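Raw protein_20.cif, mmCIF, C-alpha atoms and all ligand atoms:
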```cif
data_model
#
loop_
_atom_site.label_atom_id
_atom_site.label_comp_id
_atom_site.auth_asym_id
_atom_site.auth_seq_id
_atom_site.Cartn_x
_atom_site.Cartn_y
_atom_site.Cartn_z
CA MET A 1 113.51 113.86 115.88
CA ASP A 2 115.17 111.83 113.16
CA ILE A 3 112.80 109.55 111.34
CA ASP A 4 114.43 107.40 108.73
CA THR A 5 112.82 108.97 105.69
CA ALA A 6 114.82 106.54 103.60
CA ILE A 7 112.04 104.08 104.45
CA PRO A 8 110.04 104.09 101.24
CA SER A 9 106.30 104.70 101.21
CA LEU A 10 104.34 101.69 100.08
CA ILE A 11 102.70 103.65 97.31
CA PRO A 12 104.11 106.89 95.86
CA GLU A 13 102.93 110.04 97.63
CA ASP A 14 101.17 111.44 94.57
CA THR A 15 99.33 108.12 94.21
CA ILE A 16 98.28 108.32 97.86
CA PHE A 17 96.71 111.71 97.23
CA SER A 18 95.13 110.75 93.93
CA ASP A 19 93.77 107.45 95.26
CA PHE A 20 92.74 108.66 98.72
CA LEU A 21 91.25 112.05 97.95
CA ILE A 22 90.20 112.69 101.55
CA LEU A 23 93.82 112.67 102.70
CA ASP A 24 94.66 115.64 100.47
CA GLN A 25 93.40 118.26 102.90
CA SER A 26 94.56 120.43 105.78
CA VAL A 27 93.23 120.43 109.30
CA LYS A 28 93.85 123.56 111.35
CA GLY A 29 96.31 124.72 108.71
CA ARG A 30 98.36 121.51 108.77
CA ARG A 31 98.47 118.55 106.42
CA LEU A 32 96.00 115.95 107.69
CA VAL A 33 97.82 112.97 109.21
CA TYR A 34 95.28 110.21 109.57
CA LEU A 35 96.26 107.64 112.18
CA ASP A 36 92.84 106.38 113.22
CA ASN A 37 92.77 103.46 110.85
CA ALA A 38 91.78 100.85 113.43
CA ALA A 39 88.49 102.76 113.77
CA THR A 40 87.99 103.01 110.03
CA THR A 41 90.16 103.33 106.93
CA GLN A 42 89.85 105.81 104.08
CA LYS A 43 88.60 104.52 100.75
CA PRO A 44 90.65 104.49 97.55
CA LEU A 45 89.24 105.94 94.33
CA PRO A 46 88.53 102.52 92.75
CA VAL A 47 86.20 101.76 95.68
CA LEU A 48 84.44 105.12 95.32
CA LEU A 49 84.12 104.58 91.58
CA ALA A 50 82.77 101.06 91.98
CA THR A 51 80.00 102.21 94.31
CA ARG A 52 79.26 105.24 92.15
CA HIS A 53 79.10 103.01 89.06
CA TYR A 54 76.64 100.80 90.89
CA TYR A 55 74.21 103.71 91.39
CA GLU A 56 74.88 105.30 88.01
CA ALA A 57 74.55 102.16 85.92
CA ILE A 58 73.17 99.08 87.65
CA ASN A 59 71.17 99.96 90.77
CA SER A 60 68.41 97.41 91.19
CA ASN A 61 67.26 94.95 93.80
CA ILE A 62 68.97 91.62 93.39
CA HIS A 63 68.08 87.95 93.02
CA ARG A 64 64.47 87.72 91.89
CA GLY A 65 64.35 90.22 89.03
CA THR A 66 64.09 89.15 85.41
CA HIS A 67 65.09 92.50 83.91
CA HIS A 68 68.54 93.57 82.78
CA LEU A 69 69.43 95.79 85.75
CA ALA A 70 68.33 93.19 88.29
CA ARG A 71 70.38 90.53 86.56
CA THR A 72 73.45 92.77 86.29
CA ALA A 73 73.27 93.85 89.93
CA THR A 74 72.82 90.23 91.02
CA GLU A 75 75.82 89.15 88.96
CA GLU A 76 78.02 91.90 90.42
CA HIS A 77 76.90 91.10 93.98
CA GLU A 78 77.59 87.41 93.56
CA LYS A 79 80.93 88.14 91.87
CA ALA A 80 81.80 90.10 95.00
CA ARG A 81 81.04 87.03 97.10
CA ILE A 82 83.36 84.94 94.93
CA ARG A 83 86.01 87.67 95.24
CA VAL A 84 85.79 87.52 99.06
CA ALA A 85 85.96 83.71 99.00
CA ARG A 86 89.13 83.93 96.91
CA HIS A 87 90.67 86.47 99.29
CA LEU A 88 89.99 84.23 102.29
CA ASN A 89 90.77 80.98 100.46
CA ALA A 90 87.33 79.70 101.45
CA ALA A 91 86.42 76.26 100.12
CA THR A 92 83.29 77.68 98.47
CA ALA A 93 81.64 81.07 98.05
CA ASP A 94 78.58 79.66 99.85
CA GLU A 95 80.59 80.00 103.04
CA VAL A 96 80.72 83.79 102.63
CA ILE A 97 77.78 85.50 104.34
CA PHE A 98 77.51 89.25 103.84
CA THR A 99 76.79 91.01 107.11
CA SER A 100 76.73 94.59 108.37
CA GLY A 101 80.21 94.16 109.86
CA THR A 102 82.13 92.24 112.49
CA THR A 103 79.51 93.04 115.12
CA GLY A 104 76.78 91.71 112.85
CA GLY A 105 78.71 88.50 112.17
CA ILE A 106 79.45 87.76 115.82
CA ASN A 107 75.86 88.42 116.88
CA LEU A 108 74.67 86.11 114.12
CA VAL A 109 76.86 83.25 115.34
CA ALA A 110 76.12 83.82 119.04
CA ASP A 111 72.38 83.85 118.32
CA ILE A 112 72.26 80.77 116.08
CA LEU A 113 74.40 78.78 118.50
CA ALA A 114 72.03 79.73 121.33
CA LEU A 115 69.04 78.78 119.16
CA SER A 116 70.61 75.52 118.07
CA GLY A 117 70.49 73.91 121.49
CA ARG A 118 74.21 73.11 121.23
CA ILE A 119 74.94 75.22 124.30
CA GLY A 120 73.21 74.66 127.64
CA PRO A 121 73.48 75.14 131.40
CA GLY A 122 76.90 74.15 132.73
CA ASP A 123 78.59 74.79 129.38
CA GLU A 124 81.27 77.43 128.98
CA ILE A 125 82.05 80.08 126.40
CA LEU A 126 85.64 81.21 126.40
CA ILE A 127 86.72 84.69 125.35
CA SER A 128 89.82 86.72 126.24
CA THR A 129 90.67 89.88 128.15
CA LEU A 130 91.66 91.51 124.86
CA GLU A 131 88.21 91.37 123.28
CA HIS A 132 86.35 94.33 121.80
CA HIS A 133 82.87 94.79 123.33
CA SER A 134 81.53 93.25 120.10
CA ASN A 135 83.11 89.95 121.04
CA ILE A 136 82.01 90.13 124.69
CA VAL A 137 78.41 91.33 124.84
CA PRO A 138 76.93 88.92 122.24
CA TRP A 139 78.40 86.04 124.27
CA GLN A 140 77.05 87.43 127.53
CA MET A 141 73.65 87.51 125.83
CA CYS A 142 74.20 83.97 124.56
CA CYS A 143 74.97 82.87 128.15
CA GLN A 144 71.78 84.54 129.38
CA LYS A 145 69.77 82.65 126.78
CA THR A 146 71.40 79.26 127.33
CA GLY A 147 72.49 79.14 130.97
CA ALA A 148 76.14 78.75 129.92
CA SER A 149 78.86 80.73 131.70
CA LEU A 150 81.45 83.07 130.29
CA LYS A 151 85.13 82.38 131.00
CA VAL A 152 87.92 84.81 130.23
CA ILE A 153 91.53 84.07 129.28
CA PRO A 154 93.67 86.49 131.32
CA CYS A 155 96.52 88.50 129.85
CA HIS A 156 100.05 89.25 131.01
CA ASP A 157 101.31 92.75 131.76
CA ASP A 158 102.78 92.98 128.26
CA GLY A 159 99.30 92.60 126.76
CA THR A 160 99.77 89.03 125.50
CA LEU A 161 97.39 86.26 126.50
CA ASP A 162 98.38 83.83 129.25
CA GLN A 163 98.65 80.61 127.26
CA ASP A 164 99.01 78.39 130.36
CA ALA A 165 95.80 79.80 131.76
CA PHE A 166 94.14 79.29 128.36
CA GLU A 167 95.07 75.61 128.34
CA LYS A 168 93.75 75.20 131.89
CA LEU A 169 90.49 76.93 131.02
CA LEU A 170 89.91 74.69 127.98
CA GLY A 171 87.98 71.55 128.77
CA PRO A 172 85.01 69.39 127.90
CA LYS A 173 82.63 72.14 129.05
CA THR A 174 84.12 74.64 126.57
CA LYS A 175 81.60 74.89 123.76
CA VAL A 176 82.94 78.00 122.06
CA LEU A 177 86.21 79.89 121.88
CA ALA A 178 85.58 83.43 120.57
CA LEU A 179 88.89 85.16 120.12
CA THR A 180 90.24 88.26 118.50
CA TRP A 181 93.16 87.69 116.13
CA VAL A 182 94.59 91.17 116.70
CA SER A 183 93.71 93.47 119.61
CA ASN A 184 92.29 96.77 118.40
CA ALA A 185 93.34 98.44 121.64
CA PHE A 186 96.95 97.20 122.01
CA GLY A 187 97.86 95.68 118.65
CA THR A 188 98.64 92.31 120.27
CA VAL A 189 98.65 89.53 117.67
CA ASN A 190 97.32 86.35 119.25
CA PRO A 191 98.86 83.02 118.26
CA VAL A 192 95.56 82.00 116.71
CA ALA A 193 96.80 78.96 114.78
CA GLN A 194 97.97 77.28 117.97
CA MET A 195 94.95 78.41 119.99
CA VAL A 196 92.48 77.25 117.34
CA HIS A 197 94.21 73.88 117.24
CA LEU A 198 93.98 73.40 121.02
CA ALA A 199 90.36 74.54 121.16
CA LYS A 200 89.38 72.19 118.33
CA GLU A 201 91.13 69.32 120.11
CA ALA A 202 89.04 70.14 123.18
CA GLY A 203 85.91 69.89 121.00
CA ALA A 204 84.99 73.59 121.01
CA LEU A 205 83.69 75.64 118.12
CA VAL A 206 85.98 78.55 117.30
CA LEU A 207 85.07 82.03 116.10
CA ILE A 208 87.87 84.40 115.14
CA ASP A 209 87.25 88.14 115.25
CA ALA A 210 89.40 89.25 112.33
CA ALA A 211 88.33 92.92 112.35
CA GLN A 212 91.92 94.02 112.97
CA ALA A 213 93.60 91.14 111.15
CA ALA A 214 91.91 91.44 107.75
CA PRO A 215 93.33 94.93 107.05
CA HIS A 216 96.89 93.94 107.88
CA PHE A 217 97.74 90.48 106.62
CA PRO A 218 96.56 87.65 104.40
CA ILE A 219 93.94 85.25 105.79
CA ASP A 220 93.57 81.62 104.78
CA VAL A 221 90.50 80.25 106.51
CA GLN A 222 91.19 76.68 105.43
CA ALA A 223 94.69 76.75 106.91
CA LEU A 224 93.43 78.46 110.08
CA GLY A 225 91.01 75.64 110.89
CA ALA A 226 88.48 77.78 112.81
CA ASP A 227 84.72 77.41 112.32
CA PHE A 228 83.77 81.05 111.90
CA LEU A 229 85.61 84.26 111.08
CA ALA A 230 84.19 87.78 110.97
CA PHE A 231 85.52 91.06 109.64
CA SER A 232 84.30 94.54 108.63
CA GLY A 233 84.70 96.05 105.17
CA HIS A 234 85.18 99.60 106.43
CA LYS A 235 88.44 98.74 108.19
CA LEU A 236 89.70 97.24 104.92
CA TYR A 237 89.26 100.28 102.63
CA ALA A 238 85.64 99.33 101.73
CA PRO A 239 82.38 101.14 102.56
CA THR A 240 80.76 101.09 105.98
CA GLY A 241 77.84 98.77 106.63
CA ILE A 242 79.29 95.76 104.81
CA GLY A 243 81.11 92.91 106.47
CA VAL A 244 81.72 89.22 106.10
CA LEU A 245 81.00 86.22 108.19
CA TRP A 246 82.82 83.18 106.90
CA GLY A 247 81.61 79.89 108.33
CA ARG A 248 82.22 76.23 107.55
CA ALA A 249 79.51 75.17 105.09
CA ASP A 250 78.71 71.87 106.82
CA LEU A 251 78.21 73.65 110.13
CA LEU A 252 76.21 76.61 108.78
CA GLY A 253 74.15 74.10 106.82
CA GLU A 254 73.10 72.39 110.07
CA LEU A 255 72.61 75.48 112.21
CA PRO A 256 69.22 77.21 112.39
CA PRO A 257 68.45 80.36 110.41
CA TRP A 258 68.85 83.76 112.09
CA GLN A 259 66.69 86.66 110.96
CA GLY A 260 63.53 85.88 109.03
CA GLY A 261 62.39 87.70 105.90
CA GLY A 262 62.83 87.80 102.15
CA GLU A 263 65.79 86.02 100.52
CA MET A 264 66.28 83.53 103.35
CA ILE A 265 63.26 81.40 102.42
CA LYS A 266 62.44 78.77 99.83
CA GLU A 267 58.71 78.64 100.38
CA VAL A 268 56.40 80.40 102.77
CA SER A 269 52.88 79.52 103.76
CA PHE A 270 51.04 80.53 106.89
CA GLU A 271 51.48 77.00 108.16
CA LYS A 272 55.13 76.35 107.35
CA THR A 273 58.23 77.99 105.91
CA THR A 274 61.20 76.25 104.36
CA TYR A 275 64.56 77.97 104.37
CA ASN A 276 66.95 78.82 101.58
CA ASP A 277 70.35 77.23 101.06
CA LEU A 278 73.63 78.88 102.04
CA PRO A 279 74.58 81.64 101.88
CA PHE A 280 71.09 83.17 101.46
CA LYS A 281 69.73 81.40 104.53
CA TYR A 282 71.61 84.00 106.59
CA GLU A 283 70.91 87.04 104.41
CA ALA A 284 67.33 88.10 105.13
CA GLY A 285 66.17 91.27 103.41
CA THR A 286 67.73 93.51 100.78
CA PRO A 287 71.49 93.40 101.29
CA HIS A 288 74.08 96.19 101.11
CA ILE A 289 74.56 95.58 97.38
CA GLU A 290 76.93 98.46 96.60
CA GLY A 291 78.80 97.70 99.83
CA ALA A 292 79.59 94.18 98.63
CA ILE A 293 80.67 95.56 95.24
CA GLY A 294 82.82 98.18 96.99
CA LEU A 295 84.35 95.48 99.17
CA ALA A 296 85.34 93.49 96.09
CA ALA A 297 86.99 96.62 94.66
CA ALA A 298 88.84 97.15 97.95
CA LEU A 299 90.10 93.56 97.88
CA ASP A 300 91.34 94.08 94.31
CA TYR A 301 93.14 97.19 95.53
CA VAL A 302 94.90 95.56 98.50
CA ASP A 303 95.67 92.35 96.65
CA ASP A 304 97.26 94.35 93.82
CA ILE A 305 99.63 95.86 96.38
CA GLY A 306 99.93 92.57 98.27
CA MET A 307 98.84 91.91 101.86
CA ASP A 308 102.36 90.81 102.79
CA ALA A 309 103.78 94.09 101.52
CA ILE A 310 101.13 96.03 103.45
CA HIS A 311 101.97 94.10 106.61
CA GLU A 312 105.69 94.73 106.28
CA HIS A 313 105.19 98.44 105.47
CA GLU A 314 102.93 99.04 108.47
CA ASN A 315 105.24 97.12 110.79
CA VAL A 316 108.17 99.34 109.82
CA LEU A 317 106.05 102.44 110.49
CA ILE A 318 104.86 101.14 113.87
CA ARG A 319 108.38 100.24 114.98
CA THR A 320 109.67 103.64 113.86
CA ALA A 321 106.84 105.40 115.71
CA ALA A 322 107.50 103.39 118.88
CA ASP A 323 111.22 104.20 118.67
CA GLY A 324 110.55 107.91 118.26
CA LEU A 325 107.89 108.13 120.96
CA SER A 326 109.94 106.06 123.42
CA ARG A 327 112.29 109.03 123.82
CA ILE A 328 109.54 111.07 125.48
CA PRO A 329 109.97 110.92 129.28
CA GLY A 330 107.14 109.11 131.06
CA MET A 331 106.10 107.19 127.92
CA ARG A 332 104.31 103.91 128.59
CA PHE A 333 103.38 101.60 125.74
CA PHE A 334 100.72 98.92 125.93
CA GLY A 335 100.98 95.62 124.10
CA PRO A 336 104.05 93.66 123.04
CA ASP A 337 106.80 95.02 120.75
CA ASP A 338 105.71 92.88 117.81
CA ARG A 339 102.29 94.55 117.65
CA SER A 340 100.26 94.95 114.48
CA GLY A 341 98.21 97.89 113.26
CA SER A 342 97.84 99.83 116.51
CA LEU A 343 100.29 101.53 118.85
CA SER A 344 98.75 102.40 122.21
CA PHE A 345 100.37 104.60 124.82
CA LEU A 346 100.01 106.90 127.80
CA ILE A 347 102.35 109.56 129.10
CA ASP A 348 102.77 110.06 132.84
CA GLY A 349 100.67 112.90 134.20
CA ILE A 350 98.87 113.55 130.89
CA HIS A 351 95.28 112.55 130.21
CA HIS A 352 94.80 110.67 126.94
CA TYR A 353 91.92 112.95 125.96
CA ASP A 354 93.99 116.12 126.42
CA LEU A 355 96.80 114.70 124.33
CA GLY A 356 94.38 113.58 121.59
CA THR A 357 92.78 117.02 121.53
CA LEU A 358 96.12 118.79 121.16
CA LEU A 359 97.23 116.35 118.46
CA ASP A 360 94.07 117.18 116.55
CA GLN A 361 95.00 120.88 116.74
CA MET A 362 98.21 119.89 114.95
CA GLY A 363 96.38 117.94 112.24
CA VAL A 364 97.16 114.49 113.66
CA ALA A 365 94.10 112.25 114.00
CA VAL A 366 94.50 109.57 116.67
CA ARG A 367 91.89 107.90 118.86
CA THR A 368 91.72 108.23 122.62
CA GLY A 369 89.65 106.43 125.22
CA HIS A 370 88.80 102.82 125.96
CA HIS A 371 88.62 101.67 122.33
CA CYS A 372 85.49 99.61 123.17
CA CYS A 373 87.63 97.46 125.47
CA GLN A 374 86.54 98.57 128.95
CA PRO A 375 87.38 95.23 130.64
CA LEU A 376 90.90 95.41 129.17
CA MET A 377 91.32 98.97 130.43
CA ALA A 378 90.11 97.84 133.87
CA ARG A 379 92.69 95.02 133.83
CA PHE A 380 95.41 97.66 133.41
CA GLY A 381 93.81 100.10 135.85
CA ILE A 382 93.43 102.82 133.22
CA THR A 383 90.49 104.61 131.62
CA GLY A 384 91.96 104.71 128.14
CA THR A 385 95.01 105.22 125.97
CA VAL A 386 96.10 107.23 122.98
CA ARG A 387 96.08 104.98 119.94
CA ALA A 388 97.84 105.64 116.65
CA SER A 389 96.84 103.07 114.06
CA PHE A 390 98.33 102.59 110.64
CA ALA A 391 97.27 101.80 107.10
CA LEU A 392 98.90 101.20 103.74
CA TYR A 393 98.81 104.93 102.84
CA ASN A 394 100.69 106.11 105.92
CA THR A 395 104.22 107.33 105.35
CA PRO A 396 107.40 108.01 107.35
CA ALA A 397 106.36 111.68 107.23
CA ASP A 398 103.16 110.73 109.10
CA VAL A 399 105.27 109.02 111.77
CA GLU A 400 107.46 112.10 112.00
CA ALA A 401 104.38 114.30 112.42
CA LEU A 402 103.02 112.01 115.13
CA VAL A 403 106.26 112.02 117.11
CA GLU A 404 106.96 115.74 116.74
CA SER A 405 103.39 116.75 117.54
CA THR A 406 103.32 114.47 120.58
CA GLU A 407 106.58 115.97 121.85
CA LYS A 408 105.17 119.45 121.36
CA ALA A 409 101.84 118.60 122.99
CA VAL A 410 103.64 117.08 125.98
CA SER A 411 105.72 120.22 126.44
CA MET A 412 102.50 122.28 126.38
CA LEU A 413 100.69 120.03 128.85
CA ARG A 414 103.50 119.66 131.39
N1 LIG B 1 86.31 93.64 116.87
C1 LIG B 1 87.40 94.39 116.81
C2 LIG B 1 88.72 93.80 117.21
C3 LIG B 1 87.32 95.70 116.37
O1 LIG B 1 88.41 96.46 116.29
C4 LIG B 1 86.07 96.23 115.99
C5 LIG B 1 85.91 97.67 115.55
N2 LIG B 1 86.64 98.58 116.28
C6 LIG B 1 84.96 95.38 116.06
C7 LIG B 1 85.11 94.10 116.51
C8 LIG B 1 83.59 95.86 115.65
O2 LIG B 1 83.60 96.18 114.30
P1 LIG B 1 82.33 96.89 113.61
O3 LIG B 1 82.01 98.07 114.46
O4 LIG B 1 82.84 97.26 112.27
O5 LIG B 1 81.24 95.88 113.59
#
```

Output the file's structure in the form of structure tokens.
Ligand code: PMP
Amino acid sequence: MDIDTAIPSLIPEDTIFSDFLILDQSVKGRRLVYLDNAATTQKPLPVLLATRHYYEAINSNIHRGTHHLARTATEEHEKARIRVARHLNAATADEVIFTSGTTGGINLVADILALSGRIGPGDEILISTLEHHSNIVPWQMCCQKTGASLKVIPCHDDGTLDQDAFEKLLGPKTKVLALTWVSNAFGTVNPVAQMVHLAKEAGALVLIDAAQAAPHFPIDVQALGADFLAFSGHKLYAPTGIGVLWGRADLLGELPPWQGGGEMIKEVSFEKTTYNDLPFKYEAGTPHIEGAIGLAAALDYVDDIGMDAIHEHENVLIRTAADGLSRIPGMRFFGPDDRSGSLSFLIDGIHHYDLGTLLDQMGVAVRTGHHCCQPLMARFGITGTVRASFALYNTPADVEALVESTEKAVSMLR
């Protein structure tokens, strides 16, 4: 097939291989084509070096130490927090809570809202059909604890949310809207600005799951107007096990603490404990220090390239991939044409798992299955899809490999 190789790569190919060492390898005798970026991204050398430097030069537990290493590690960790705040345009770095990832952030919010007494029997928590299990199950658990009920915004056949139904579902009983910005399964980009606005007008608190938004475009939490936003470092070129929960300082200040332990306290006696200020109130225990430092390095890396440039580059690749794949008979895409990050498809008569397995034989890494979105798969009457998902280091040659390998696999499976 003809892929427009005139489309430039975002970063030169030799830089890709020198920055992302893992990509410079063969799988089954073919160049590795990594298109599973919605699951996790590869890490550029500056991120690897930052975490290595941490262990080689400054490893120490942070915050209470008086010695040089403890002070240096604390400074670097808190610089990372400021770096994240700058990336999100947060009003203050105190609004940046380091978590284990998106899942950790959403569970934190669902738990503290349940504990706060702000949600009770008869109240409603609104999510959408597009949600990842991480933005479903914590709210089901929150409903069990509070007596609230879970409501779900339906989606159209093109994988976009039904905005009329959303407006009808919103009401005085809606206490929380928990919504993904971008669907990891279909790549649908929700009109979050408008939805946040309507939910706030209805008096609801809003949490945005930005796991699939943060890697692909700039985020300005002040402009967005939500109350909470969560994302994972590992999908944004940073290490695993580090994530961010951003929350409005006034709100987090009022809400109860979550996990108890070191760091989150001011004073402890057997009779009474007083809690620390933000952000430490929500960071019990020794944090993922090198993860936060690695995340800051990853943000430097993407901001040097520019999130807008990354967005545009990936969109061109996705559109080119969709064009190429659309020529395969029996091709069915999920999600709207203006998708972001992920391209999901099925081919008539071919099981997604079989296709994924054959693509792997040809060196092309895609993900198959339900993508942790079983209710969404049920809505479409399918058990899963094949998902190719893109990152800043993908090239037109990767798209060409995806399309050609899929064509070949289809001819083998039919
Ligand atoms: N939400 C979305 C939209 C996701 O894509 C993912 C990861 N696939 C998550 C939440 C959970 O992220 P993590 O496993 O990093 O906590």

Exercise for the section: Tell me, in Å to one decimal, how far CA of Ile293 (chain A) is from CA of Val189 (chain A). Expected result: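 Here the two named atoms are 29.4 Å from each other.
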
Problem - Two-atom distance - CA of Phe345 (chain A), CA of Phe186 (chain A) (Å) - result: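 Result for CA of Phe345 (chain A) versus CA of Phe186 (chain A): 8.6 Å, one decimal.
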
Practice task
Considering all atoms listed in the file, state which residue in the set A:Leu88, A:Ala93, A:Ile328, A:Leu278 is at the smallest distance from Leu229 (chain A).
Solution key: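 Between A:Leu88, A:Ala93, A:Ile328, A:Leu278, the residue approaching Leu229 (chain A) most closely is A:Leu88.
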
Fill in the blank from the handout: One residue among A:Thr174, A:Ser9, A:Thr40, A:Thr383 is nearest to Ser149 (chain A) when using all atoms listed in the file, and that residue is A:Thr174

Practice task
Would you mind reading off the distance between CA of Leu392 (chain A) and CA of Glu56 (chain A), one decimal, in Å?
Solution key: 29.0 Å

Which centre and which edge lengths, in Å to one decimal, describe the axis-aligned box that holds all listed atoms of ligand LIG 1 (chain B) after 8 Å is added on each side, as JSON?
```
{"center_x": 85.0, "center_y": 96.1, "center_z": 114.7, "size_x": 23.5, "size_y": 20.9, "size_z": 20.9}
```

Which neighbours of Asn190 (chain A) fall inside 10 Å, counting all atoms listed in the file, when residues of the same chain fewer than 2 positions from it are skipped, and could you give them as a short mmCIF file (atom, residue, chain, number, x, y, z; two decimals) with C-alpha atoms, in the coordinates of the input?
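Here's the written file selection.cif:
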```
data_model
loop_
_atom_site.label_atom_id
_atom_site.label_comp_id
_atom_site.auth_asym_id
_atom_site.auth_seq_id
_atom_site.Cartn_x
_atom_site.Cartn_y
_atom_site.Cartn_z
CA LEU A 130 91.66 91.51 124.86
CA GLY A 159 99.30 92.60 126.76
CA THR A 160 99.77 89.03 125.50
CA LEU A 161 97.39 86.26 126.50
CA GLN A 163 98.65 80.61 127.26
CA LEU A 179 88.89 85.16 120.12
CA THR A 180 90.24 88.26 118.50
CA TRP A 181 93.16 87.69 116.13
CA VAL A 182 94.59 91.17 116.70
CA SER A 183 93.71 93.47 119.61
CA GLY A 187 97.86 95.68 118.65
CA THR A 188 98.64 92.31 120.27
CA VAL A 192 95.56 82.00 116.71
CA ALA A 193 96.80 78.96 114.78
CA GLN A 194 97.97 77.28 117.97
CA MET A 195 94.95 78.41 119.99
CA ARG A 339 102.29 94.55 117.65
#
```

Within 8 Å of ligand LIG 1 (chain B), which residues of chain A show up? Give each one with its shortest atom-to-atom distance in Å (one decimal) and the two atoms involved, counting only C-alpha atoms and all ligand atoms, rows by chain then rising residue number, as JSON lines.
```
{"residue": "A:Ala38", "atom": "CA", "partner": "B:LIG1", "partner_atom": "O1", "distance": 6.2}
{"residue": "A:Ala39", "atom": "CA", "partner": "B:LIG1", "partner_atom": "N2", "distance": 5.2}
{"residue": "A:Thr40", "atom": "CA", "partner": "B:LIG1", "partner_atom": "N2", "distance": 7.8}
{"residue": "A:Ser100", "atom": "CA", "partner": "B:LIG1", "partner_atom": "O5", "distance": 7.0}
{"residue": "A:Gly101", "atom": "CA", "partner": "B:LIG1", "partner_atom": "O5", "distance": 4.2}
{"residue": "A:Thr102", "atom": "CA", "partner": "B:LIG1", "partner_atom": "O5", "distance": 3.9}
{"residue": "A:Thr103", "atom": "CA", "partner": "B:LIG1", "partner_atom": "O5", "distance": 3.7}
{"residue": "A:Gly104", "atom": "CA", "partner": "B:LIG1", "partner_atom": "O5", "distance": 6.2}
{"residue": "A:Gly105", "atom": "CA", "partner": "B:LIG1", "partner_atom": "O5", "distance": 7.9}
{"residue": "A:Glu131", "atom": "CA", "partner": "B:LIG1", "partner_atom": "C2", "distance": 6.6}
{"residue": "A:His132", "atom": "CA", "partner": "B:LIG1", "partner_atom": "N1", "distance": 5.0}
{"residue": "A:His133", "atom": "CA", "partner": "B:LIG1", "partner_atom": "C7", "distance": 7.2}
{"residue": "A:Ser134", "atom": "CA", "partner": "B:LIG1", "partner_atom": "C7", "distance": 5.1}
{"residue": "A:Asn135", "atom": "CA", "partner": "B:LIG1", "partner_atom": "N1", "distance": 6.4}
{"residue": "A:Thr180", "atom": "CA", "partner": "B:LIG1", "partner_atom": "C2", "distance": 5.9}
{"residue": "A:Trp181", "atom": "CA", "partner": "B:LIG1", "partner_atom": "C2", "distance": 7.6}
{"residue": "A:Val182", "atom": "CA", "partner": "B:LIG1", "partner_atom": "C2", "distance": 6.5}
{"residue": "A:Ser183", "atom": "CA", "partner": "B:LIG1", "partner_atom": "C2", "distance": 5.5}
{"residue": "A:Asn184", "atom": "CA", "partner": "B:LIG1", "partner_atom": "O1", "distance": 4.4}
{"residue": "A:Ala185", "atom": "CA", "partner": "B:LIG1", "partner_atom": "O1", "distance": 7.5}
{"residue": "A:Asp209", "atom": "CA", "partner": "B:LIG1", "partner_atom": "N1", "distance": 5.8}
{"residue": "A:Ala210", "atom": "CA", "partner": "B:LIG1", "partner_atom": "C2", "distance": 6.7}
{"residue": "A:Ala211", "atom": "CA", "partner": "B:LIG1", "partner_atom": "C1", "distance": 4.8}
{"residue": "A:Gln212", "atom": "CA", "partner": "B:LIG1", "partner_atom": "C2", "distance": 5.3}
{"residue": "A:Phe231", "atom": "CA", "partner": "B:LIG1", "partner_atom": "O2", "distance": 7.2}
{"residue": "A:Ser232", "atom": "CA", "partner": "B:LIG1", "partner_atom": "O4", "distance": 4.8}
{"residue": "A:Gly233", "atom": "CA", "partner": "B:LIG1", "partner_atom": "O4", "distance": 7.4}
{"residue": "A:His234", "atom": "CA", "partner": "B:LIG1", "partner_atom": "O4", "distance": 6.7}
{"residue": "A:Lys235", "atom": "CA", "partner": "B:LIG1", "partner_atom": "O4", "distance": 7.1}
{"residue": "A:Thr240", "atom": "CA", "partner": "B:LIG1", "partner_atom": "O4", "distance": 7.7}
{"residue": "A:Gly241", "atom": "CA", "partner": "B:LIG1", "partner_atom": "O4", "distance": 7.7}
{"residue": "A:Gly243", "atom": "CA", "partner": "B:LIG1", "partner_atom": "O4", "distance": 7.5}
{"residue": "A:His371", "atom": "CA", "partner": "B:LIG1", "partner_atom": "N2", "distance": 7.1}
{"residue": "A:Cys372", "atom": "CA", "partner": "B:LIG1", "partner_atom": "N2", "distance": 7.1}
```

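The residue that comes closest to Arg367 (chain A), out of A:Asn37, A:Asn89, A:Thr72, A:Ser128 and on the basis of only C-alpha atoms, is A:Asn37.
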
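By chain and then residue number, the residues within 8 Å of region 257-268 of chain A are Leu108, Asp111, Ile112, Lys272, Thr273, Thr274, Tyr275, Asn276, Asp277, Phe280, Lys281, Tyr282, Glu283, Ala284, Gly285 and Thr286 of chain A, counting only C-alpha atoms and disregarding those fewer than 3 positions away in sequence.
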
Determine, counting only C-alpha atoms, every residue of protein, DNA or RNA that lies within 7 Å of (85.9, 95.8, 101.3) in the file coordinates, then give the result as an mmCIF file with C-alpha atoms, keeping the file's coordinate frame.
```cif
data_model
loop_
_atom_site.group_PDB
_atom_site.id
_atom_site.type_symbol
_atom_site.label_atom_id
_atom_site.label_comp_id
_atom_site.auth_asym_id
_atom_site.auth_seq_id
_atom_site.Cartn_x
_atom_site.Cartn_y
_atom_site.Cartn_z
ATOM 1 C CA GLY A 233 84.700 96.050 105.170
ATOM 2 C CA HIS A 234 85.180 99.600 106.430
ATOM 3 C CA LEU A 236 89.700 97.240 104.920
ATOM 4 C CA TYR A 237 89.260 100.280 102.630
ATOM 5 C CA ALA A 238 85.640 99.330 101.730
ATOM 6 C CA PRO A 239 82.380 101.140 102.560
ATOM 7 C CA GLY A 294 82.820 98.180 96.990
ATOM 8 C CA LEU A 295 84.350 95.480 99.170
ATOM 9 C CA ALA A 296 85.340 93.490 96.090
ATOM 10 C CA ALA A 297 86.990 96.620 94.660
ATOM 11 C CA ALA A 298 88.840 97.150 97.950
ATOM 12 C CA LEU A 299 90.100 93.560 97.880
#
```
